[in-house]
Amino acid sequence: MSPRATPEQVGTTVTHRRYVPYSHAHYAGNLVDGAYSLAAFGDVATELCIRTDGDEGLFASYSDVQFLAPVRAGDCIEIEARLERVGTRSREMSFAVRVVARGNPERGESAADAFAEPIVATTARGVVVVPPVG
């Protein structure tokens with residue numbers, strides 16, 4: 001029998017970190033579009049479903065998406081998914097993108113700064129569904 005998420009797993013988190021390449025800049029100031037964060041949420045949600053359900057799951061919806069600070073090319077970001085609720089086939093999750101380091105070209109072409117406190121850039125809630133058992 002395949003594993004299934006249980007209410008006891010509420011609070012389980014998955015965190016990814018990645019560098020945002022300059023090829024993803026879409027706007028002045030090397031800004032990255034909001035879809036970049038949403039795609040990253042999909043990646044952490046997939047791993048969370050694999051860990052709790054043994055299946056990648058499929059996104060059903062996002063809600064309460066908040067773009068709180070810019071994500072720029074050259075940033076190092078941390079993306080977190082947290083399991084909030086387990087239904088029969090649905091899994092509600094909360095998400096956050098935090099900027100943990102950022103390029104600082106004013107100090108030099110390859111200069112960058114790590115932040116003591118990450119900048120929360122994007123948050124959301126989402127629902128993923130997994131196939132029925134059997």
# chains A, B, ... in the order shown; residues from 1 in each chain; ligands from 1
call {"tool": "select_by_dssp", "arguments": {"residues": "chain A", "states": "alpha helix (DSSP H)", "output": "CSV table (one decimal) with all heavy atoms, in the first residue's frame"}}
result
chain,number,residue,atom,x,y,z
A,35,ALA,N,5.5,35.1,-11.4
A,35,ALA,CA,5.4,33.7,-11.8
A,35,ALA,C,6.6,32.9,-11.4
A,35,ALA,O,6.5,31.7,-11.2
A,35,ALA,CB,5.1,33.6,-13.3
A,36,TYR,N,7.7,33.5,-11.3
A,36,TYR,CA,8.9,32.8,-10.8
A,36,TYR,C,8.7,32.2,-9.4
A,36,TYR,O,9.0,31.0,-9.2
A,36,TYR,CB,10.2,33.7,-10.8
A,36,TYR,CG,11.4,32.9,-10.6
A,36,TYR,CD1,12.1,32.4,-11.7
A,36,TYR,CD2,12.0,32.8,-9.3
A,36,TYR,CE1,13.3,31.7,-11.4
A,36,TYR,CE2,13.2,32.1,-9.1
A,36,TYR,CZ,13.8,31.6,-10.2
A,36,TYR,OH,15.0,30.9,-10.0
A,37,SER,N,8.1,33.0,-8.5
A,37,SER,CA,7.9,32.5,-7.2
A,37,SER,C,6.8,31.4,-7.2
A,37,SER,O,6.9,30.4,-6.5
A,37,SER,CB,7.4,33.6,-6.3
A,37,SER,OG,8.4,34.5,-6.0
A,38,LEU,N,5.8,31.5,-8.0
A,38,LEU,CA,4.7,30.5,-8.1
A,38,LEU,C,5.3,29.2,-8.6
A,38,LEU,O,4.9,28.1,-8.1
A,38,LEU,CB,3.6,31.0,-9.0
A,38,LEU,CG,2.8,32.2,-8.4
A,38,LEU,CD1,1.7,32.6,-9.4
A,38,LEU,CD2,2.3,32.0,-7.0
A,39,ALA,N,6.2,29.2,-9.6
A,39,ALA,CA,6.8,28.0,-10.1
A,39,ALA,C,7.6,27.3,-9.0
A,39,ALA,O,7.6,26.1,-8.9
A,39,ALA,CB,7.6,28.3,-11.3
A,40,ALA,N,8.3,28.2,-8.2
A,40,ALA,CA,9.1,27.6,-7.1
A,40,ALA,C,8.2,27.0,-6.1
A,40,ALA,O,8.6,25.9,-5.5
A,40,ALA,CB,10.0,28.7,-6.5
A,41,PHE,N,7.1,27.6,-5.8
A,41,PHE,CA,6.1,26.9,-4.9
A,41,PHE,C,5.7,25.6,-5.4
A,41,PHE,O,5.5,24.6,-4.6
A,41,PHE,CB,4.9,27.8,-4.7
A,41,PHE,CG,5.1,29.1,-4.0
A,41,PHE,CD1,4.2,30.2,-4.1
A,41,PHE,CD2,6.2,29.3,-3.1
A,41,PHE,CE1,4.4,31.3,-3.5
A,41,PHE,CE2,6.4,30.5,-2.5
A,41,PHE,CZ,5.5,31.5,-2.6
A,42,GLY,N,5.5,25.4,-6.7
A,42,GLY,CA,5.1,24.1,-7.3
A,42,GLY,C,6.2,23.1,-7.0
A,42,GLY,O,5.9,21.9,-6.8
A,43,ASP,N,7.5,23.5,-7.1
A,43,ASP,CA,8.6,22.6,-6.9
A,43,ASP,C,8.6,22.1,-5.4
A,43,ASP,O,8.7,20.9,-5.2
A,43,ASP,CB,9.9,23.2,-7.2
A,43,ASP,CG,10.1,23.5,-8.7
A,43,ASP,OD1,9.4,22.9,-9.5
A,43,ASP,OD2,11.0,24.3,-9.0
A,44,VAL,N,8.4,23.0,-4.5
A,44,VAL,CA,8.5,22.5,-3.1
A,44,VAL,C,7.2,21.7,-2.7
A,44,VAL,O,7.3,20.8,-1.9
A,44,VAL,CB,8.7,23.6,-2.0
A,44,VAL,CG1,10.1,24.2,-2.1
A,44,VAL,CG2,7.7,24.8,-2.1
A,45,ALA,N,6.1,22.1,-3.3
A,45,ALA,CA,4.8,21.3,-3.1
A,45,ALA,C,5.0,19.9,-3.6
A,45,ALA,O,4.5,18.9,-3.0
A,45,ALA,CB,3.7,22.0,-3.8
A,46,THR,N,5.6,19.8,-4.8
A,46,THR,CA,5.9,18.4,-5.3
A,46,THR,C,6.7,17.6,-4.4
A,46,THR,O,6.3,16.4,-4.1
A,46,THR,CB,6.6,18.5,-6.7
A,46,THR,OG1,5.7,19.2,-7.6
A,46,THR,CG2,6.9,17.1,-7.3
A,47,GLU,N,7.8,18.1,-3.9
A,47,GLU,CA,8.6,17.3,-2.9
A,47,GLU,C,7.8,17.0,-1.6
A,47,GLU,O,7.9,15.9,-1.1
A,47,GLU,CB,9.9,18.0,-2.6
A,47,GLU,CG,10.7,17.2,-1.6
A,47,GLU,CD,12.0,17.8,-1.2
A,47,GLU,OE1,12.5,18.7,-1.8
A,47,GLU,OE2,12.6,17.3,-0.2
A,48,LEU,N,7.0,18.0,-1.1
A,48,LEU,CA,6.3,17.7,0.1
A,48,LEU,C,5.3,16.6,-0.1
A,48,LEU,O,5.1,15.7,0.7
A,48,LEU,CB,5.6,19.0,0.5
A,48,LEU,CG,4.8,19.0,1.9
A,48,LEU,CD1,5.7,18.5,3.0
A,48,LEU,CD2,4.3,20.3,2.2
A,49,CYS,N,4.6,16.6,-1.3
A,49,CYS,CA,3.6,15.5,-1.6
A,49,CYS,C,4.4,14.1,-1.7
A,49,CYS,O,3.8,13.1,-1.3
A,49,CYS,CB,2.9,15.8,-2.9
A,49,CYS,SG,1.5,17.0,-2.7
A,50,ILE,N,5.5,14.1,-2.4
A,50,ILE,CA,6.3,12.9,-2.5
A,50,ILE,C,6.6,12.4,-1.1
A,50,ILE,O,6.5,11.2,-0.8
A,50,ILE,CB,7.5,13.1,-3.3
A,50,ILE,CG1,7.2,13.3,-4.8
A,50,ILE,CG2,8.5,11.9,-3.2
A,50,ILE,CD1,8.3,13.8,-5.7
A,51,ARG,N,7.1,13.2,-0.2
A,51,ARG,CA,7.5,12.8,1.1
A,51,ARG,C,6.3,12.3,2.0
A,51,ARG,O,6.4,11.4,2.8
A,51,ARG,CB,8.2,13.9,1.8
A,51,ARG,CG,9.5,14.3,1.3
A,51,ARG,CD,10.3,15.3,2.1
A,51,ARG,NE,11.6,15.4,1.5
A,51,ARG,CZ,12.7,14.6,1.7
A,51,ARG,NH1,12.5,13.5,2.4
A,51,ARG,NH2,13.8,14.8,1.2
A,52,THR,N,5.1,13.0,1.8
A,52,THR,CA,4.0,12.6,2.7
A,52,THR,C,3.0,11.6,2.0
A,52,THR,O,2.4,10.8,2.7
A,52,THR,CB,3.1,13.8,3.0
A,52,THR,OG1,2.7,14.5,1.9
A,52,THR,CG2,4.0,14.8,3.9
A,53,ASP,N,3.0,11.6,0.7
A,53,ASP,CA,2.0,10.7,0.0
A,53,ASP,C,2.6,9.7,-1.0
A,53,ASP,O,1.9,8.9,-1.6
A,53,ASP,CB,1.0,11.6,-0.8
A,53,ASP,CG,0.0,12.2,0.1
A,53,ASP,OD1,-1.0,11.6,0.5
A,53,ASP,OD2,0.2,13.4,0.5
call {"tool": "residues_around", "arguments": {"residues": "region 69-86 of chain A", "least_positions_apart": "6", "cutoff": "9 Å", "atoms": "only C-alpha atoms", "output": "JSON, numbers by chain"}}
result
{"A": [5, 6, 7, 9, 10, 11, 12, 13, 14, 15, 16, 17, 18, 19, 20, 21, 22, 23, 24, 25, 29, 30, 31, 32, 33, 34, 36, 37, 40, 41, 43, 44, 45, 48, 92, 93, 94, 95, 96, 97, 98, 99, 100, 101, 102, 103, 104, 112, 114, 118, 119, 120, 121, 122]}
call {"tool": "closest_residue", "arguments": {"among": "A:Pro105, A:Ala124, A:Pro3, A:Val130", "to": "Gly54 (chain A)", "atoms": "only C-alpha atoms"}}
result
A:Pro3
call {"tool": "select_by_dssp", "arguments": {"residues": "chain A", "states": "strand (DSSP E)", "output": "PDB file with C-alpha atoms, in the first residue's frame"}}
result
ATOM      1  CA  THR A  13       8.048  21.504   5.816  1.00  0.00           C
ATOM      2  CA  VAL A  14      10.210  21.294   2.731  1.00  0.00           C
ATOM      3  CA  THR A  15      12.740  24.007   1.907  1.00  0.00           C
ATOM      4  CA  HIS A  16      14.656  24.576  -1.328  1.00  0.00           C
ATOM      5  CA  ARG A  17      17.326  27.193  -1.968  1.00  0.00           C
ATOM      6  CA  ARG A  18      18.359  28.483  -5.346  1.00  0.00           C
ATOM      7  CA  TYR A  19      20.156  31.259  -7.151  1.00  0.00           C
ATOM      8  CA  ALA A  25      15.074  39.054 -15.287  1.00  0.00           C
ATOM      9  CA  HIS A  26      12.072  40.521 -17.117  1.00  0.00           C
ATOM     10  CA  TYR A  27      11.878  44.124 -15.949  1.00  0.00           C
ATOM     11  CA  LEU A  31      13.220  42.327 -11.447  1.00  0.00           C
ATOM     12  CA  VAL A  32      11.875  38.801 -11.852  1.00  0.00           C
ATOM     13  CA  LEU A  58      -1.343  18.142  -8.823  1.00  0.00           C
ATOM     14  CA  PHE A  59      -1.934  21.778  -7.938  1.00  0.00           C
ATOM     15  CA  ALA A  60      -5.642  22.634  -7.728  1.00  0.00           C
ATOM     16  CA  SER A  61      -5.498  26.272  -6.610  1.00  0.00           C
ATOM     17  CA  TYR A  62      -3.571  29.151  -5.095  1.00  0.00           C
ATOM     18  CA  SER A  63      -5.133  31.645  -2.714  1.00  0.00           C
ATOM     19  CA  ASP A  64      -3.993  34.740  -0.868  1.00  0.00           C
ATOM     20  CA  VAL A  65      -0.900  35.288  -3.025  1.00  0.00           C
ATOM     21  CA  GLN A  66       1.033  38.263  -1.645  1.00  0.00           C
ATOM     22  CA  PHE A  67       3.972  39.905  -3.442  1.00  0.00           C
ATOM     23  CA  CYS A  76      19.638  33.665  -3.510  1.00  0.00           C
ATOM     24  CA  ILE A  77      16.192  32.617  -2.378  1.00  0.00           C
ATOM     25  CA  GLU A  78      14.745  30.117   0.049  1.00  0.00           C
ATOM     26  CA  ILE A  79      11.373  28.587  -0.840  1.00  0.00           C
ATOM     27  CA  GLU A  80       9.371  26.845   1.861  1.00  0.00           C
ATOM     28  CA  ALA A  81       6.199  24.758   1.787  1.00  0.00           C
ATOM     29  CA  ARG A  82       4.430  23.797   5.016  1.00  0.00           C
ATOM     30  CA  LEU A  83       1.638  21.227   5.231  1.00  0.00           C
ATOM     31  CA  GLU A  84      -1.324  22.958   6.919  1.00  0.00           C
ATOM     32  CA  ARG A  85      -4.233  20.550   6.459  1.00  0.00           C
ATOM     33  CA  VAL A  86      -4.762  16.973   5.267  1.00  0.00           C
ATOM     34  CA  SER A  90      -6.435  17.437  -0.766  1.00  0.00           C
ATOM     35  CA  ARG A  91      -3.390  18.879   0.930  1.00  0.00           C
ATOM     36  CA  GLU A  92      -3.486  22.535   1.961  1.00  0.00           C
ATOM     37  CA  MET A  93      -0.078  24.189   2.159  1.00  0.00           C
ATOM     38  CA  SER A  94       1.378  27.573   3.007  1.00  0.00           C
ATOM     39  CA  PHE A  95       4.322  28.949   1.038  1.00  0.00           C
ATOM     40  CA  ALA A  96       6.997  31.589   1.404  1.00  0.00           C
ATOM     41  CA  VAL A  97       9.847  32.880  -0.744  1.00  0.00           C
ATOM     42  CA  ARG A  98      12.574  34.608   1.240  1.00  0.00           C
ATOM     43  CA  VAL A  99      15.558  36.461  -0.220  1.00  0.00           C
ATOM     44  CA  VAL A 100      18.607  35.355   1.784  1.00  0.00           C
ATOM     45  CA  ALA A 101      21.324  37.065  -0.296  1.00  0.00           C
ATOM     46  CA  ARG A 102      21.437  39.646  -3.076  1.00  0.00           C
ATOM     47  CA  GLY A 103      23.990  40.851  -5.579  1.00  0.00           C
ATOM     48  CA  ALA A 112      26.899  40.190  -3.035  1.00  0.00           C
ATOM     49  CA  ASP A 113      25.530  40.477   0.483  1.00  0.00           C
ATOM     50  CA  ALA A 114      24.059  37.749   2.690  1.00  0.00           C
ATOM     51  CA  PHE A 115      21.230  39.057   4.864  1.00  0.00           C
ATOM     52  CA  ALA A 116      21.179  38.466   8.619  1.00  0.00           C
ATOM     53  CA  GLU A 117      17.378  38.428   8.375  1.00  0.00           C
ATOM     54  CA  PRO A 118      15.851  37.125   5.126  1.00  0.00           C
ATOM     55  CA  ILE A 119      13.439  39.381   3.236  1.00  0.00           C
ATOM     56  CA  VAL A 120      10.003  37.770   2.836  1.00  0.00           C
ATOM     57  CA  ALA A 121       9.234  38.391  -0.834  1.00  0.00           C
ATOM     58  CA  THR A 122       6.177  36.243  -1.624  1.00  0.00           C
ATOM     59  CA  THR A 123       3.646  34.260   0.406  1.00  0.00           C
ATOM     60  CA  ALA A 124       0.660  32.159  -0.614  1.00  0.00           C
ATOM     61  CA  ARG A 125      -1.626  29.314   0.300  1.00  0.00           C
ATOM     62  CA  GLY A 126      -2.381  26.489  -2.063  1.00  0.00           C
ATOM     63  CA  VAL A 127      -4.227  23.224  -2.434  1.00  0.00           C
ATOM     64  CA  VAL A 128      -2.701  20.140  -4.023  1.00  0.00           C
ATOM     65  CA  VAL A 129      -4.639  16.965  -4.746  1.00  0.00           C
TER      66      VAL A 129
END
call {"tool": "decode", "arguments": {"residues": "region 21-62 of chain A", "atoms": "N, CA and C atoms", "output": "PDB file, in the first residue's frame"}}
result
ATOM      1  N   PRO A  21      18.924  33.195 -11.699  1.00  0.00           N
ATOM      2  CA  PRO A  21      19.836  33.602 -12.771  1.00  0.00           C
ATOM      3  C   PRO A  21      19.364  34.871 -13.484  1.00  0.00           C
ATOM      4  N   TYR A  22      20.317  35.592 -14.039  1.00  0.00           N
ATOM      5  CA  TYR A  22      20.001  36.832 -14.761  1.00  0.00           C
ATOM      6  C   TYR A  22      19.136  36.570 -15.986  1.00  0.00           C
ATOM      7  N   SER A  23      19.141  35.353 -16.488  1.00  0.00           N
ATOM      8  CA  SER A  23      18.286  35.023 -17.642  1.00  0.00           C
ATOM      9  C   SER A  23      16.794  35.098 -17.292  1.00  0.00           C
ATOM     10  N   HIS A  24      16.456  35.157 -15.997  1.00  0.00           N
ATOM     11  CA  HIS A  24      15.055  35.240 -15.575  1.00  0.00           C
ATOM     12  C   HIS A  24      14.581  36.668 -15.333  1.00  0.00           C
ATOM     13  N   ALA A  25      15.479  37.652 -15.469  1.00  0.00           N
ATOM     14  CA  ALA A  25      15.074  39.054 -15.287  1.00  0.00           C
ATOM     15  C   ALA A  25      14.155  39.457 -16.443  1.00  0.00           C
ATOM     16  N   HIS A  26      13.031  40.106 -16.096  1.00  0.00           N
ATOM     17  CA  HIS A  26      12.072  40.521 -17.117  1.00  0.00           C
ATOM     18  C   HIS A  26      11.845  42.024 -17.139  1.00  0.00           C
ATOM     19  N   TYR A  27      12.224  42.721 -16.081  1.00  0.00           N
ATOM     20  CA  TYR A  27      11.878  44.124 -15.949  1.00  0.00           C
ATOM     21  C   TYR A  27      13.095  44.938 -15.539  1.00  0.00           C
ATOM     22  N   ALA A  28      12.974  46.263 -15.624  1.00  0.00           N
ATOM     23  CA  ALA A  28      14.045  47.164 -15.216  1.00  0.00           C
ATOM     24  C   ALA A  28      14.469  46.841 -13.789  1.00  0.00           C
ATOM     25  N   GLY A  29      15.722  47.078 -13.504  1.00  0.00           N
ATOM     26  CA  GLY A  29      16.241  46.783 -12.173  1.00  0.00           C
ATOM     27  C   GLY A  29      16.447  45.303 -11.937  1.00  0.00           C
ATOM     28  N   ASN A  30      16.472  44.517 -13.019  1.00  0.00           N
ATOM     29  CA  ASN A  30      16.641  43.059 -12.945  1.00  0.00           C
ATOM     30  C   ASN A  30      15.543  42.370 -12.141  1.00  0.00           C
ATOM     31  N   LEU A  31      14.345  42.957 -12.143  1.00  0.00           N
ATOM     32  CA  LEU A  31      13.220  42.327 -11.447  1.00  0.00           C
ATOM     33  C   LEU A  31      12.791  41.054 -12.159  1.00  0.00           C
ATOM     34  N   VAL A  32      12.368  40.088 -11.365  1.00  0.00           N
ATOM     35  CA  VAL A  32      11.875  38.801 -11.852  1.00  0.00           C
ATOM     36  C   VAL A  32      10.355  38.823 -11.690  1.00  0.00           C
ATOM     37  N   ASP A  33       9.624  38.276 -12.651  1.00  0.00           N
ATOM     38  CA  ASP A  33       8.160  38.302 -12.544  1.00  0.00           C
ATOM     39  C   ASP A  33       7.659  37.392 -11.419  1.00  0.00           C
ATOM     40  N   GLY A  34       6.448  37.667 -10.965  1.00  0.00           N
ATOM     41  CA  GLY A  34       5.857  36.914  -9.864  1.00  0.00           C
ATOM     42  C   GLY A  34       5.672  35.445 -10.166  1.00  0.00           C
ATOM     43  N   ALA A  35       5.547  35.099 -11.437  1.00  0.00           N
ATOM     44  CA  ALA A  35       5.373  33.698 -11.813  1.00  0.00           C
ATOM     45  C   ALA A  35       6.579  32.852 -11.397  1.00  0.00           C
ATOM     46  N   TYR A  36       7.735  33.481 -11.264  1.00  0.00           N
ATOM     47  CA  TYR A  36       8.930  32.751 -10.828  1.00  0.00           C
ATOM     48  C   TYR A  36       8.707  32.154  -9.432  1.00  0.00           C
ATOM     49  N   SER A  37       8.141  32.953  -8.523  1.00  0.00           N
ATOM     50  CA  SER A  37       7.858  32.458  -7.165  1.00  0.00           C
ATOM     51  C   SER A  37       6.814  31.352  -7.195  1.00  0.00           C
ATOM     52  N   LEU A  38       5.781  31.525  -8.030  1.00  0.00           N
ATOM     53  CA  LEU A  38       4.727  30.500  -8.098  1.00  0.00           C
ATOM     54  C   LEU A  38       5.285  29.178  -8.626  1.00  0.00           C
ATOM     55  N   ALA A  39       6.170  29.242  -9.602  1.00  0.00           N
ATOM     56  CA  ALA A  39       6.786  28.015 -10.107  1.00  0.00           C
ATOM     57  C   ALA A  39       7.633  27.349  -9.022  1.00  0.00           C
ATOM     58  N   ALA A  40       8.331  28.168  -8.237  1.00  0.00           N
ATOM     59  CA  ALA A  40       9.135  27.623  -7.134  1.00  0.00           C
ATOM     60  C   ALA A  40       8.234  26.966  -6.089  1.00  0.00           C
ATOM     61  N   PHE A  41       7.054  27.559  -5.846  1.00  0.00           N
ATOM     62  CA  PHE A  41       6.103  26.942  -4.914  1.00  0.00           C
ATOM     63  C   PHE A  41       5.689  25.568  -5.422  1.00  0.00           C
ATOM     64  N   GLY A  42       5.499  25.441  -6.727  1.00  0.00           N
ATOM     65  CA  GLY A  42       5.147  24.144  -7.298  1.00  0.00           C
ATOM     66  C   GLY A  42       6.217  23.097  -7.048  1.00  0.00           C
ATOM     67  N   ASP A  43       7.487  23.510  -7.113  1.00  0.00           N
ATOM     68  CA  ASP A  43       8.586  22.567  -6.884  1.00  0.00           C
ATOM     69  C   ASP A  43       8.602  22.057  -5.445  1.00  0.00           C
ATOM     70  N   VAL A  44       8.447  22.969  -4.463  1.00  0.00           N
ATOM     71  CA  VAL A  44       8.483  22.511  -3.066  1.00  0.00           C
ATOM     72  C   VAL A  44       7.222  21.727  -2.720  1.00  0.00           C
ATOM     73  N   ALA A  45       6.081  22.080  -3.324  1.00  0.00           N
ATOM     74  CA  ALA A  45       4.846  21.324  -3.091  1.00  0.00           C
ATOM     75  C   ALA A  45       4.992  19.901  -3.622  1.00  0.00           C
ATOM     76  N   THR A  46       5.638  19.751  -4.767  1.00  0.00           N
ATOM     77  CA  THR A  46       5.858  18.416  -5.329  1.00  0.00           C
ATOM     78  C   THR A  46       6.672  17.557  -4.372  1.00  0.00           C
ATOM     79  N   GLU A  47       7.771  18.097  -3.851  1.00  0.00           N
ATOM     80  CA  GLU A  47       8.576  17.302  -2.915  1.00  0.00           C
ATOM     81  C   GLU A  47       7.804  16.986  -1.642  1.00  0.00           C
ATOM     82  N   LEU A  48       7.034  17.956  -1.137  1.00  0.00           N
ATOM     83  CA  LEU A  48       6.255  17.710   0.076  1.00  0.00           C
ATOM     84  C   LEU A  48       5.257  16.579  -0.145  1.00  0.00           C
ATOM     85  N   CYS A  49       4.582  16.565  -1.295  1.00  0.00           N
ATOM     86  CA  CYS A  49       3.638  15.478  -1.601  1.00  0.00           C
ATOM     87  C   CYS A  49       4.357  14.139  -1.739  1.00  0.00           C
ATOM     88  N   ILE A  50       5.519  14.140  -2.356  1.00  0.00           N
ATOM     89  CA  ILE A  50       6.276  12.887  -2.483  1.00  0.00           C
ATOM     90  C   ILE A  50       6.621  12.353  -1.095  1.00  0.00           C
ATOM     91  N   ARG A  51       7.069  13.240  -0.217  1.00  0.00           N
ATOM     92  CA  ARG A  51       7.468  12.816   1.130  1.00  0.00           C
ATOM     93  C   ARG A  51       6.283  12.333   1.966  1.00  0.00           C
ATOM     94  N   THR A  52       5.106  12.952   1.804  1.00  0.00           N
ATOM     95  CA  THR A  52       3.964  12.587   2.653  1.00  0.00           C
ATOM     96  C   THR A  52       3.034  11.571   2.009  1.00  0.00           C
ATOM     97  N   ASP A  53       2.958  11.559   0.670  1.00  0.00           N
ATOM     98  CA  ASP A  53       1.984  10.707  -0.019  1.00  0.00           C
ATOM     99  C   ASP A  53       2.589   9.727  -1.008  1.00  0.00           C
ATOM    100  N   GLY A  54       3.860   9.832  -1.280  1.00  0.00           N
ATOM    101  CA  GLY A  54       4.452   8.946  -2.273  1.00  0.00           C
ATOM    102  C   GLY A  54       3.956   9.235  -3.671  1.00  0.00           C
ATOM    103  N   ASP A  55       3.503  10.482  -3.911  1.00  0.00           N
ATOM    104  CA  ASP A  55       2.987  10.882  -5.220  1.00  0.00           C
ATOM    105  C   ASP A  55       3.278  12.369  -5.395  1.00  0.00           C
ATOM    106  N   GLU A  56       3.509  12.791  -6.634  1.00  0.00           N
ATOM    107  CA  GLU A  56       3.823  14.198  -6.885  1.00  0.00           C
ATOM    108  C   GLU A  56       2.638  15.125  -6.647  1.00  0.00           C
ATOM    109  N   GLY A  57       1.420  14.627  -6.782  1.00  0.00           N
ATOM    110  CA  GLY A  57       0.236  15.462  -6.623  1.00  0.00           C
ATOM    111  C   GLY A  57       0.084  16.450  -7.775  1.00  0.00           C
ATOM    112  N   LEU A  58      -1.051  17.128  -7.799  1.00  0.00           N
ATOM    113  CA  LEU A  58      -1.343  18.142  -8.823  1.00  0.00           C
ATOM    114  C   LEU A  58      -1.912  19.370  -8.137  1.00  0.00           C
ATOM    115  N   PHE A  59      -1.419  20.550  -8.529  1.00  0.00           N
ATOM    116  CA  PHE A  59      -1.934  21.778  -7.938  1.00  0.00           C
ATOM    117  C   PHE A  59      -3.373  21.994  -8.369  1.00  0.00           C
ATOM    118  N   ALA A  60      -4.248  22.320  -7.431  1.00  0.00           N
ATOM    119  CA  ALA A  60      -5.642  22.634  -7.728  1.00  0.00           C
ATOM    120  C   ALA A  60      -5.888  24.132  -7.679  1.00  0.00           C
ATOM    121  N   SER A  61      -5.250  24.826  -6.718  1.00  0.00           N
ATOM    122  CA  SER A  61      -5.498  26.272  -6.610  1.00  0.00           C
ATOM    123  C   SER A  61      -4.450  26.944  -5.742  1.00  0.00           C
ATOM    124  N   TYR A  62      -4.309  28.251  -5.982  1.00  0.00           N
ATOM    125  CA  TYR A  62      -3.571  29.151  -5.095  1.00  0.00           C
ATOM    126  C   TYR A  62      -4.584  30.107  -4.497  1.00  0.00           C
TER     127      TYR A  62
END
